[in-house]
file coords.csv (CSV, C-alpha atoms)
chain,number,residue,atom,x,y,z
U,1,MET,CA,26.7,91.2,-13.9
U,2,LYS,CA,29.5,89.1,-12.3
U,3,SER,CA,32.1,91.6,-13.4
U,4,ALA,CA,30.0,94.5,-12.3
U,5,PHE,CA,30.0,93.1,-8.7
U,6,TRP,CA,33.8,93.3,-8.7
U,7,LEU,CA,34.1,96.6,-10.6
U,8,ALA,CA,31.8,98.3,-8.1
U,9,GLY,CA,34.1,97.3,-5.3
U,10,ALA,CA,37.2,98.3,-7.2
U,11,ALA,CA,35.7,101.7,-8.0
U,12,ALA,CA,34.7,102.3,-4.4
U,13,LEU,CA,38.2,101.4,-3.3
U,14,ALA,CA,39.7,103.9,-5.6
U,15,LEU,CA,37.2,106.7,-5.1
U,16,ALA,CA,36.1,106.4,-1.5
U,17,SER,CA,36.8,109.5,0.7
U,18,PRO,CA,38.9,108.8,3.7
U,19,ALA,CA,37.1,107.2,6.6
U,20,PHE,CA,37.5,108.3,10.2
U,21,ALA,CA,40.2,106.3,11.9
U,22,GLY,CA,39.2,105.7,15.5
U,23,ASP,CA,41.1,105.2,18.7
U,24,THR,CA,40.7,101.5,18.5
U,25,ILE,CA,40.9,98.8,15.8
U,26,LYS,CA,37.5,97.3,15.6
U,27,ILE,CA,37.1,93.8,14.3
U,28,GLY,CA,33.9,91.9,13.8
U,29,PHE,CA,34.1,88.1,14.0
U,30,VAL,CA,31.3,86.0,12.6
U,31,SER,CA,31.2,82.3,13.4
U,32,THR,CA,29.0,79.7,15.0
U,33,PHE,CA,28.8,79.9,18.8
U,34,SER,CA,25.7,77.9,19.5
U,35,GLY,CA,24.4,74.4,18.6
U,36,PRO,CA,26.5,71.2,17.8
U,37,THR,CA,29.0,73.1,15.7
U,38,ALA,CA,29.8,75.7,18.3
U,39,VAL,CA,33.0,73.8,19.1
U,40,ILE,CA,34.4,74.9,15.8
U,41,GLY,CA,33.5,78.6,16.4
U,42,ASN,CA,34.9,78.4,19.9
U,43,ASP,CA,38.2,77.0,18.6
U,44,MET,CA,38.4,79.8,16.1
U,45,ARG,CA,37.6,82.4,18.8
U,46,ASN,CA,40.2,80.8,21.1
U,47,SER,CA,42.9,81.0,18.5
U,48,PHE,CA,42.0,84.6,17.5
U,49,GLU,CA,42.2,85.6,21.1
U,50,LEU,CA,45.6,83.8,21.5
U,51,ALA,CA,46.9,85.7,18.4
U,52,LEU,CA,45.8,89.0,20.1
U,53,ASP,CA,47.7,87.9,23.2
U,54,HIS,CA,50.8,87.4,21.1
U,55,LEU,CA,50.3,90.8,19.6
U,56,GLY,CA,50.0,92.5,23.0
U,57,ARG,CA,46.3,93.1,22.3
U,58,LYS,CA,47.3,96.0,20.1
U,59,MET,CA,47.7,96.7,16.3
U,60,GLY,CA,49.5,99.7,15.0
U,61,GLY,CA,49.8,101.0,18.5
U,62,LYS,CA,46.0,101.0,19.1
U,63,PRO,CA,44.1,98.7,21.3
U,64,VAL,CA,41.9,96.0,19.6
U,65,GLU,CA,38.2,95.6,20.1
U,66,VAL,CA,36.6,92.4,18.9
U,67,ILE,CA,32.9,91.9,18.5
U,68,TYR,CA,31.9,88.3,18.2
U,69,GLU,CA,28.6,87.4,16.5
U,70,ASP,CA,26.9,84.0,16.4
U,71,ASP,CA,25.6,83.1,12.9
U,72,GLN,CA,23.8,80.0,14.3
U,73,GLN,CA,25.0,78.2,11.1
U,74,LYS,CA,22.2,80.0,9.2
U,75,PRO,CA,22.9,82.2,6.1
U,76,ASP,CA,20.1,84.7,6.9
U,77,ILE,CA,21.4,85.2,10.5
U,78,GLY,CA,25.0,85.5,9.3
U,79,LYS,CA,23.9,88.2,6.9
U,80,GLN,CA,22.1,90.1,9.6
U,81,LYS,CA,25.1,89.9,11.9
U,82,THR,CA,27.4,91.1,9.2
U,83,GLU,CA,25.1,94.0,8.5
U,84,LYS,CA,25.1,94.9,12.2
U,85,LEU,CA,28.8,94.9,12.4
U,86,VAL,CA,29.2,97.1,9.3
U,87,GLN,CA,26.3,99.5,9.8
U,88,SER,CA,26.0,99.8,13.6
U,89,ASP,CA,29.3,98.8,15.0
U,90,LYS,CA,31.3,100.3,12.0
U,91,VAL,CA,34.1,97.8,12.3
U,92,ASP,CA,37.4,98.2,10.4
U,93,PHE,CA,37.6,94.5,9.5
U,94,ILE,CA,35.3,91.4,9.6
U,95,ALA,CA,36.8,87.9,10.0
U,96,GLY,CA,35.7,84.4,10.7
U,97,TYR,CA,33.0,82.5,8.7
U,98,ILE,CA,33.0,78.7,8.9
U,99,TRP,CA,30.3,77.9,6.3
U,100,SER,CA,30.3,78.8,2.6
U,101,ASN,CA,26.6,79.5,2.4
U,102,VAL,CA,26.8,81.9,5.3
U,103,LEU,CA,29.8,83.7,3.8
U,104,LEU,CA,28.1,84.0,0.4
U,105,ALA,CA,25.0,85.5,2.0
U,106,SER,CA,27.2,88.0,3.8
U,107,LEU,CA,29.6,88.9,1.1
U,108,LYS,CA,27.8,91.8,-0.6
U,109,THR,CA,27.4,93.6,2.6
U,110,ALA,CA,31.1,93.7,3.2
U,111,VAL,CA,32.1,94.6,-0.3
U,112,ASP,CA,29.5,97.3,-0.8
U,113,SER,CA,30.6,99.0,2.4
U,114,GLN,CA,34.3,98.7,1.6
U,115,THR,CA,34.9,96.7,4.7
U,116,PHE,CA,37.8,94.2,4.5
U,117,LEU,CA,36.6,90.7,5.1
U,118,ILE,CA,39.0,87.9,6.0
U,119,SER,CA,37.6,84.4,5.6
U,120,ALA,CA,39.2,82.1,8.2
U,121,ASN,CA,37.6,79.0,6.8
U,122,ALA,CA,34.9,79.1,4.1
U,123,GLY,CA,36.2,79.1,0.6
U,124,PRO,CA,33.3,78.8,-1.9
U,125,SER,CA,34.4,78.7,-5.6
U,126,GLN,CA,32.5,81.9,-6.4
U,127,LEU,CA,34.8,83.8,-3.9
U,128,ALA,CA,37.8,82.6,-5.8
U,129,GLY,CA,36.3,83.3,-9.2
U,130,GLU,CA,33.7,85.8,-10.4
U,131,LEU,CA,32.9,87.2,-6.9
U,132,CYS,CA,36.5,87.9,-5.9
U,133,SER,CA,36.9,91.4,-4.5
U,134,PRO,CA,39.7,93.8,-3.5
U,135,TYR,CA,38.1,93.7,-0.1
U,136,VAL,CA,38.1,90.0,0.5
U,137,PHE,CA,41.0,87.8,1.6
U,138,SER,CA,41.3,84.2,2.7
U,139,THR,CA,43.6,82.7,5.3
U,140,SER,CA,42.4,79.2,4.5
U,141,TRP,CA,41.9,77.8,1.0
U,142,GLN,CA,39.4,77.5,-1.8
U,143,ASN,CA,37.0,74.6,-1.0
U,144,ASP,CA,38.1,72.4,-3.9
U,145,GLN,CA,41.8,72.5,-3.1
U,146,THR,CA,41.9,70.1,-0.1
U,147,PRO,CA,39.8,67.3,-1.6
U,148,ALA,CA,41.7,67.8,-4.9
U,149,ALA,CA,44.9,67.1,-3.0
U,150,MET,CA,43.3,63.9,-1.6
U,151,GLY,CA,42.3,62.9,-5.2
U,152,LEU,CA,46.0,63.2,-6.1
U,153,TYR,CA,46.9,61.0,-3.1
U,154,MET,CA,44.3,58.4,-4.2
U,155,ASN,CA,46.0,58.3,-7.6
U,156,GLN,CA,49.3,57.7,-5.9
U,157,LYS,CA,47.8,54.8,-4.0
U,158,GLY,CA,46.5,53.3,-7.2
U,159,VAL,CA,42.8,53.6,-6.3
U,160,LYS,CA,40.7,52.7,-9.3
U,161,SER,CA,37.2,53.6,-8.2
U,162,VAL,CA,35.4,55.7,-5.6
U,163,PHE,CA,31.9,56.5,-4.3
U,164,LEU,CA,31.5,60.1,-3.1
U,165,ILE,CA,29.3,61.3,-0.2
U,166,GLY,CA,28.8,64.8,1.1
U,167,PRO,CA,26.3,67.4,2.3
U,168,ASN,CA,24.1,69.2,-0.1
U,169,TYR,CA,25.3,72.8,0.3
U,170,ALA,CA,27.9,75.0,-1.3
U,171,ALA,CA,31.0,73.5,0.3
U,172,GLY,CA,29.7,70.0,-0.1
U,173,LYS,CA,29.4,70.4,-3.8
U,174,ASP,CA,32.8,72.1,-4.1
U,175,MET,CA,34.4,69.3,-2.1
U,176,LEU,CA,33.2,66.5,-4.2
U,177,ALA,CA,34.0,68.5,-7.4
U,178,GLY,CA,37.5,69.0,-6.0
U,179,VAL,CA,38.0,65.2,-5.8
U,180,LYS,CA,36.7,64.7,-9.3
U,181,SER,CA,39.0,67.4,-10.7
U,182,THR,CA,42.1,65.3,-9.9
U,183,PHE,CA,41.1,61.7,-9.3
U,184,LYS,CA,41.9,59.6,-12.4
U,185,GLY,CA,39.9,56.6,-11.5
U,186,GLU,CA,36.1,56.0,-12.0
U,187,VAL,CA,33.6,57.9,-9.9
U,188,VAL,CA,31.0,55.1,-9.5
U,189,GLY,CA,28.4,57.3,-7.8
U,190,GLU,CA,27.8,60.3,-5.6
U,191,GLU,CA,25.3,61.1,-2.9
U,192,TYR,CA,24.3,64.5,-1.3
U,193,THR,CA,22.6,64.5,2.1
U,194,VAL,CA,20.4,67.1,3.8
U,195,TRP,CA,22.6,69.6,5.6
U,196,PRO,CA,23.0,70.1,8.5
U,197,SER,CA,20.1,68.1,10.0
U,198,GLN,CA,20.8,64.6,8.5
U,199,LEU,CA,23.0,62.5,10.8
U,200,ASP,CA,21.9,59.0,9.7
U,201,PHE,CA,24.0,57.8,6.7
U,202,SER,CA,22.9,54.2,6.6
U,203,ALA,CA,21.1,54.6,3.2
U,204,GLU,CA,24.2,56.3,1.7
U,205,LEU,CA,26.5,53.6,3.1
U,206,THR,CA,24.3,50.9,1.7
U,207,LYS,CA,24.4,52.6,-1.8
U,208,ALA,CA,28.2,52.8,-1.5
U,209,ARG,CA,28.5,49.1,-0.6
U,210,ASN,CA,26.1,48.1,-3.5
U,211,SER,CA,28.1,50.3,-6.0
U,212,LYS,CA,31.0,47.9,-5.8
U,213,ALA,CA,33.4,50.9,-5.7
U,214,GLU,CA,36.8,50.2,-4.4
U,215,SER,CA,36.7,53.1,-1.9
U,216,ILE,CA,34.7,55.9,-0.4
U,217,PHE,CA,35.4,59.6,-0.2
U,218,VAL,CA,33.5,61.7,2.3
U,219,PHE,CA,33.3,65.3,3.5
U,220,TYR,CA,31.5,65.8,6.8
U,221,PRO,CA,32.8,68.4,9.3
U,222,GLY,CA,31.8,68.5,13.0
U,223,ALA,CA,29.1,66.2,14.5
U,224,ALA,CA,28.2,64.7,11.1
U,225,GLY,CA,31.8,63.5,10.7
U,226,VAL,CA,31.6,61.7,14.1
U,227,GLN,CA,28.3,60.1,13.1
U,228,PHE,CA,29.5,59.0,9.7
U,229,LEU,CA,32.7,57.3,11.0
U,230,ASN,CA,30.7,55.6,13.7
U,231,GLN,CA,28.2,54.2,11.2
U,232,TYR,CA,31.0,53.4,8.7
U,233,ALA,CA,32.8,51.3,11.3
U,234,GLN,CA,29.6,49.7,12.6
U,235,SER,CA,28.5,48.7,9.1
U,236,GLY,CA,31.6,46.6,8.6
U,237,LEU,CA,32.7,48.7,5.6
U,238,LYS,CA,35.9,49.8,7.3
U,239,GLN,CA,37.3,46.3,6.5
U,240,GLN,CA,36.0,46.3,3.0
U,241,MET,CA,36.1,49.8,1.5
U,242,PRO,CA,38.9,52.2,2.4
U,243,LEU,CA,37.8,55.7,3.4
U,244,TYR,CA,39.4,58.9,2.2
U,245,THR,CA,38.4,62.3,3.6
U,246,ALA,CA,38.8,66.0,3.8
U,247,PHE,CA,37.8,68.0,7.0
U,248,THR,CA,36.1,64.9,8.6
U,249,VAL,CA,38.8,64.1,11.1
U,250,ASP,CA,40.2,66.9,13.1
U,251,GLU,CA,41.4,67.6,16.7
U,252,LEU,CA,37.8,68.5,17.7
U,253,SER,CA,36.1,65.4,16.3
U,254,LEU,CA,39.0,63.0,17.1
U,255,PRO,CA,38.2,62.5,20.8
U,256,LEU,CA,34.7,61.4,19.8
U,257,GLN,CA,35.7,59.4,16.8
U,258,LYS,CA,38.5,57.6,18.7
U,259,ASP,CA,39.8,54.4,17.1
U,260,ASN,CA,37.2,54.7,14.2
U,261,ALA,CA,39.5,57.4,12.8
U,262,ILE,CA,42.6,55.3,12.8
U,263,GLY,CA,43.6,54.4,9.2
U,264,VAL,CA,41.5,57.1,7.7
U,265,PRO,CA,43.8,59.5,5.9
U,266,GLY,CA,43.0,63.2,5.3
U,267,ALA,CA,44.5,66.2,3.6
U,268,GLN,CA,45.1,69.6,5.1
U,269,GLU,CA,47.2,72.7,4.6
U,270,TRP,CA,48.0,72.9,8.4
U,271,VAL,CA,48.7,70.1,10.8
U,272,ASN,CA,49.7,70.7,14.4
U,273,ASP,CA,53.2,69.2,14.1
U,274,LEU,CA,54.3,71.4,11.2
U,275,PRO,CA,57.8,72.8,11.8
U,276,GLY,CA,58.6,76.4,12.6
U,277,GLU,CA,58.9,78.3,15.8
U,278,GLN,CA,55.7,80.3,15.3
U,279,ASN,CA,53.7,77.1,14.9
U,280,LYS,CA,55.3,75.4,17.9
U,281,ARG,CA,54.6,78.5,20.0
U,282,PHE,CA,51.0,78.6,18.9
U,283,VAL,CA,50.3,74.9,19.7
U,284,GLU,CA,52.1,75.1,23.1
U,285,ASP,CA,50.5,78.3,24.2
U,286,TYR,CA,47.0,77.2,23.0
U,287,ARG,CA,47.2,74.1,25.2
U,288,LYS,CA,48.4,76.2,28.1
U,289,LYS,CA,45.6,78.8,27.7
U,290,TYR,CA,42.9,76.2,27.1
U,291,PRO,CA,43.7,73.1,29.1
U,292,GLY,CA,42.4,69.8,27.7
U,293,LEU,CA,42.0,71.2,24.2
U,294,ARG,CA,44.1,70.9,21.1
U,295,PRO,CA,44.1,73.6,18.3
U,296,THR,CA,42.7,72.7,14.9
U,297,TYR,CA,43.2,74.0,11.4
U,298,TYR,CA,40.1,76.1,12.0
U,299,GLY,CA,42.0,77.8,14.8
U,300,ALA,CA,45.3,78.0,12.9
U,301,GLN,CA,43.5,79.9,10.1
U,302,ALA,CA,41.8,82.2,12.6
U,303,TYR,CA,45.2,82.9,14.2
U,304,ASP,CA,46.6,83.8,10.8
U,305,ALA,CA,43.6,86.0,10.1
U,306,ALA,CA,44.6,88.1,13.1
U,307,GLN,CA,48.2,88.3,11.9
U,308,LEU,CA,47.1,89.3,8.4
U,309,ILE,CA,45.0,92.1,9.8
U,310,ASP,CA,47.8,93.2,12.1
U,311,SER,CA,50.2,93.4,9.1
U,312,ALA,CA,47.8,95.8,7.3
U,313,VAL,CA,47.2,98.0,10.4
U,314,VAL,CA,50.9,98.2,11.1
U,315,ALA,CA,51.7,99.2,7.5
U,316,VAL,CA,49.4,102.3,7.8
U,317,LYS,CA,50.5,103.1,11.4
U,318,GLY,CA,46.9,102.5,12.6
U,319,ASP,CA,45.2,104.8,10.1
U,320,THR,CA,42.6,102.4,8.8
U,321,SER,CA,41.2,105.0,6.3
U,322,LYS,CA,44.2,104.1,4.1
U,323,LYS,CA,42.5,101.2,2.4
U,324,ASP,CA,44.7,101.1,-0.7
U,325,ALA,CA,47.8,100.8,1.4
U,326,MET,CA,46.2,98.1,3.6
U,327,LYS,CA,45.1,96.1,0.6
U,328,ALA,CA,48.6,96.3,-0.9
U,329,GLU,CA,50.2,95.1,2.3
U,330,MET,CA,47.8,92.2,2.8
U,331,GLU,CA,48.5,91.1,-0.8
U,332,LYS,CA,52.1,90.5,0.2
U,333,ALA,CA,51.1,87.9,2.9
U,334,ASN,CA,54.0,89.5,4.8
U,335,PHE,CA,53.4,87.9,8.2
U,336,LYS,CA,54.5,84.7,10.0
U,337,SER,CA,51.9,82.2,9.0
U,338,LEU,CA,51.6,79.1,11.1
U,339,ARG,CA,51.8,77.0,8.0
U,340,GLY,CA,55.0,78.6,6.8
U,341,ALA,CA,55.4,81.0,3.9
U,342,PHE,CA,52.7,81.2,1.3
U,343,LYS,CA,51.7,83.8,-1.3
U,344,TYR,CA,48.4,85.1,-2.5
U,345,GLY,CA,47.0,84.6,-6.0
U,346,ASN,CA,45.4,87.3,-7.9
U,347,ASN,CA,42.1,86.4,-6.2
U,348,HIS,CA,43.4,86.7,-2.6
U,349,ILE,CA,43.3,82.9,-2.1
U,350,PRO,CA,46.6,81.4,-0.7
U,351,ILE,CA,48.9,79.5,-3.0
U,352,GLN,CA,50.2,76.9,-0.6
U,353,ASN,CA,51.2,73.3,0.3
U,354,PHE,CA,48.8,70.5,1.2
U,355,TYR,CA,49.8,67.6,3.4
U,356,LEU,CA,48.7,64.1,4.1
U,357,GLN,CA,47.6,63.7,7.7
U,358,ASP,CA,47.1,60.5,9.6
U,359,VAL,CA,45.8,59.6,13.1
U,360,VAL,CA,48.4,58.3,15.6
U,361,LYS,CA,48.8,57.8,19.3
U,362,ASP,CA,51.3,60.2,20.9
U,363,ALA,CA,53.7,59.5,23.7
U,364,SER,CA,50.9,59.8,26.3
U,365,GLY,CA,48.6,57.5,24.4
U,366,GLU,CA,46.3,60.2,23.2
U,367,LEU,CA,45.1,60.2,19.6
U,368,SER,CA,46.5,63.1,17.5
U,369,LEU,CA,47.1,64.0,13.9
U,370,LYS,CA,50.5,63.7,12.3
U,371,THR,CA,51.9,65.0,9.1
U,372,VAL,CA,52.9,62.1,6.9
U,373,ALA,CA,53.9,63.6,3.6
U,374,THR,CA,53.5,66.7,1.3
U,375,ILE,CA,50.9,65.8,-1.3
U,376,VAL,CA,51.3,69.0,-3.4
U,377,LYS,CA,53.4,72.1,-3.2
U,378,ASP,CA,52.4,75.7,-4.0
U,379,ASP,CA,48.9,74.7,-5.1
U,380,GLN,CA,46.8,77.4,-6.7
U,381,ASP,CA,43.0,77.1,-6.9
U,382,ARG,CA,41.5,76.3,-10.3
U,383,PHE,CA,39.1,79.3,-10.2
U,384,HIS,CA,41.7,82.1,-10.1
U,385,ASP,CA,41.5,82.7,-13.8
U,386,LYS,CA,37.8,83.6,-13.5
U,387,CYS,CA,38.6,86.4,-11.1
U,388,PRO,CA,38.6,89.9,-12.8
U,389,MET,CA,41.4,91.1,-10.6
U,390,LYS,CA,44.8,90.6,-12.3

call {"tool": "encode", "arguments": {"input": "coords.csv", "output": "structure tokens"}}
result
Amino acid sequence: MKSAFWLAGAAALALASPAFAGDTIKIGFVSTFSGPTAVIGNDMRNSFELALDHLGRKMGGKPVEVIYEDDQQKPDIGKQKTEKLVQSDKVDFIAGYIWSNVLLASLKTAVDSQTFLISANAGPSQLAGELCSPYVFSTSWQNDQTPAAMGLYMNQKGVKSVFLIGPNYAAGKDMLAGVKSTFKGEVVGEEYTVWPSQLDFSAELTKARNSKAESIFVFYPGAAGVQFLNQYAQSGLKQQMPLYTAFTVDELSLPLQKDNAIGVPGAQEWVNDLPGEQNKRFVEDYRKKYPGLRPTYYGAQAYDAAQLIDSAVVAVKGDTSKKDAMKAEMEKANFKSLRGAFKYGNNHIPIQNFYLQDVVKDASGELSLKTVATIVKDDQDRFHDKCPMK
């Protein structure tokens, strides 16, 4: 059945009759624009809009129309919005998706309709493996990769034991699995919390303390990450059990986490200070366009999603009915990514570097993230061999 899902998409790609190519390039963008995690969706939208500015608001000589839809961080709503974009709006591409459970609920709609979907964040293991599709690309990572990089760093630090904590949904499970895939020490225990409603982690912190583990690894994006770091510091554990993270400290949460985030390392494939003229331009122009805000990896991935789409549209001179040619062009990753050059694996997940990031105070006294070292080069996700595409 898993192979049938992919084969149906492959057959459709090969046999579909040419679609009508309109006067505009229509892109649907699904993300979270309401509630506590709207700051993430807004950052993704900001960066996507900046990318369009840099492209002159055109792709392949045609003006671009973007339809933004709020998934409200709910899989059923995300699925409904994806169906609207495909069936009613008849978009050429769909991009966005923060949450793995929302993306998984929406995936079949895109694949069955032969609509290219570019995930700018969510990277569930299924998407990299048995549910890979000719129509689906990522400009982020597979969920396990970033925490796996942190596991490698913990080995370098000589960490002997860890207690794992994360939210009980698809990405949370992938994240903790990622750490376990590379960490050579002992995993003393692991706790999964109710997502996204639970913001009190006192019970989990007590269990971590009582476990006698040497360290803690945690994955909590957004408001949950702010709350966790606050409670971690207040409990006194910051002086007793070092904390290692993925996606918990970013430029959105940092102004709220403040000094609680100092000394808490993270791993990421993009940090704002990476070299390269394209990245420098992105960071500078983002701060000019959106005063008081700093771009995040969420935004960098959304920016790259726009550039990936543009590369496909330019390759077919705006004729989006040429799906085979667009797929072939996107597989080349032939655009200027903010993270530098990367290539796609057979499953359309990037093969790329992961970096150690730390929190520092910049020249103005503001807290910001800094690239400390390269943890792993040209990392490929561990699910690619389960993808039927070769």

call {"tool": "atom_distance", "arguments": {"input": "coords.csv", "atom1": "CA of Gly340 in chain U", "atom2": "CA of Leu55 in chain U"}}
result
18.3 Å

call {"tool": "residues_near_point", "arguments": {"input": "coords.csv", "point": "(43.3, 84.3, 7.6)", "cutoff": "9 Å", "atoms": "all atoms listed in the file", "output": "list in words"}}
result
Ala95, Gly96, Ile118, Ser119, Ala120, Asn121, Phe137, Ser138, Thr139, Ser140, Ala300, Gln301, Ala302, Tyr303, Asp304, Ala305, Ala306, Gln307, Leu308, Ile309 and Ser337 of chain U

call {"tool": "residues_near_point", "arguments": {"input": "coords.csv", "point": "(37.0, 95.0, 15.0)", "cutoff": "8 Å", "atoms": "all atoms listed in the file", "output": "ChimeraX atom specification"}}
result
/U:25-29,64-67,91-94

call {"tool": "closest_residue", "arguments": {"input": "coords.csv", "among": "U:Val159, U:Met175, U:Ala170, U:Ala373", "to": "Leu127 in chain U", "atoms": "all atoms listed in the file"}}
result
U:Ala170

call {"tool": "closest_residue", "arguments": {"input": "coords.csv", "among": "U:Lys157, U:Lys258, U:Arg209, U:Lys180", "to": "Gln239 in chain U", "atoms": "only C-alpha atoms"}}
result
U:Arg209

call {"tool": "closest_residue", "arguments": {"input": "coords.csv", "among": "U:Asp319, U:Thr146, U:Lys288, U:Leu243", "to": "Ser181 in chain U", "atoms": "all atoms listed in the file"}}
result
U:Thr146

call {"tool": "closest_residue", "arguments": {"input": "coords.csv", "among": "U:Asn346, U:Ser321, U:Ser161, U:Gln72", "to": "Gly129 in chain U", "atoms": "all atoms listed in the file"}}
result
U:Asn346

call {"tool": "residues_around", "arguments": {"input": "coords.csv", "residues": "range 211-224 of chain U", "least_positions_apart": "5", "cutoff": "9 Å", "atoms": "only C-alpha atoms", "output": "compact mmCIF listing (two decimals) with C-alpha atoms, in the frame of the given file"}}
result
# COMPACT_ATOMS: atom_id res chain seq x y z
CA PRO U 36 26.50 71.20 17.80
CA THR U 37 29.00 73.10 15.70
CA VAL U 39 33.00 73.80 19.10
CA ILE U 40 34.40 74.90 15.80
CA PRO U 147 39.80 67.30 -1.60
CA VAL U 159 42.80 53.60 -6.30
CA LYS U 160 40.70 52.70 -9.30
CA SER U 161 37.20 53.60 -8.20
CA VAL U 162 35.40 55.70 -5.60
CA PHE U 163 31.90 56.50 -4.30
CA LEU U 164 31.50 60.10 -3.10
CA ILE U 165 29.30 61.30 -0.20
CA GLY U 166 28.80 64.80 1.10
CA PRO U 167 26.30 67.40 2.30
CA GLY U 172 29.70 70.00 -0.10
CA MET U 175 34.40 69.30 -2.10
CA LEU U 176 33.20 66.50 -4.20
CA VAL U 179 38.00 65.20 -5.80
CA GLU U 186 36.10 56.00 -12.00
CA VAL U 187 33.60 57.90 -9.90
CA VAL U 188 31.00 55.10 -9.50
CA GLY U 189 28.40 57.30 -7.80
CA PRO U 196 23.00 70.10 8.50
CA SER U 197 20.10 68.10 10.00
CA GLN U 198 20.80 64.60 8.50
CA LEU U 199 23.00 62.50 10.80
CA ASP U 200 21.90 59.00 9.70
CA THR U 206 24.30 50.90 1.70
CA LEU U 229 32.70 57.30 11.00
CA GLN U 240 36.00 46.30 3.00
CA MET U 241 36.10 49.80 1.50
CA PRO U 242 38.90 52.20 2.40
CA LEU U 243 37.80 55.70 3.40
CA TYR U 244 39.40 58.90 2.20
CA THR U 245 38.40 62.30 3.60
CA ALA U 246 38.80 66.00 3.80
CA PHE U 247 37.80 68.00 7.00
CA THR U 248 36.10 64.90 8.60
CA VAL U 249 38.80 64.10 11.10
CA ASP U 250 40.20 66.90 13.10
CA LEU U 252 37.80 68.50 17.70
CA SER U 253 36.10 65.40 16.30
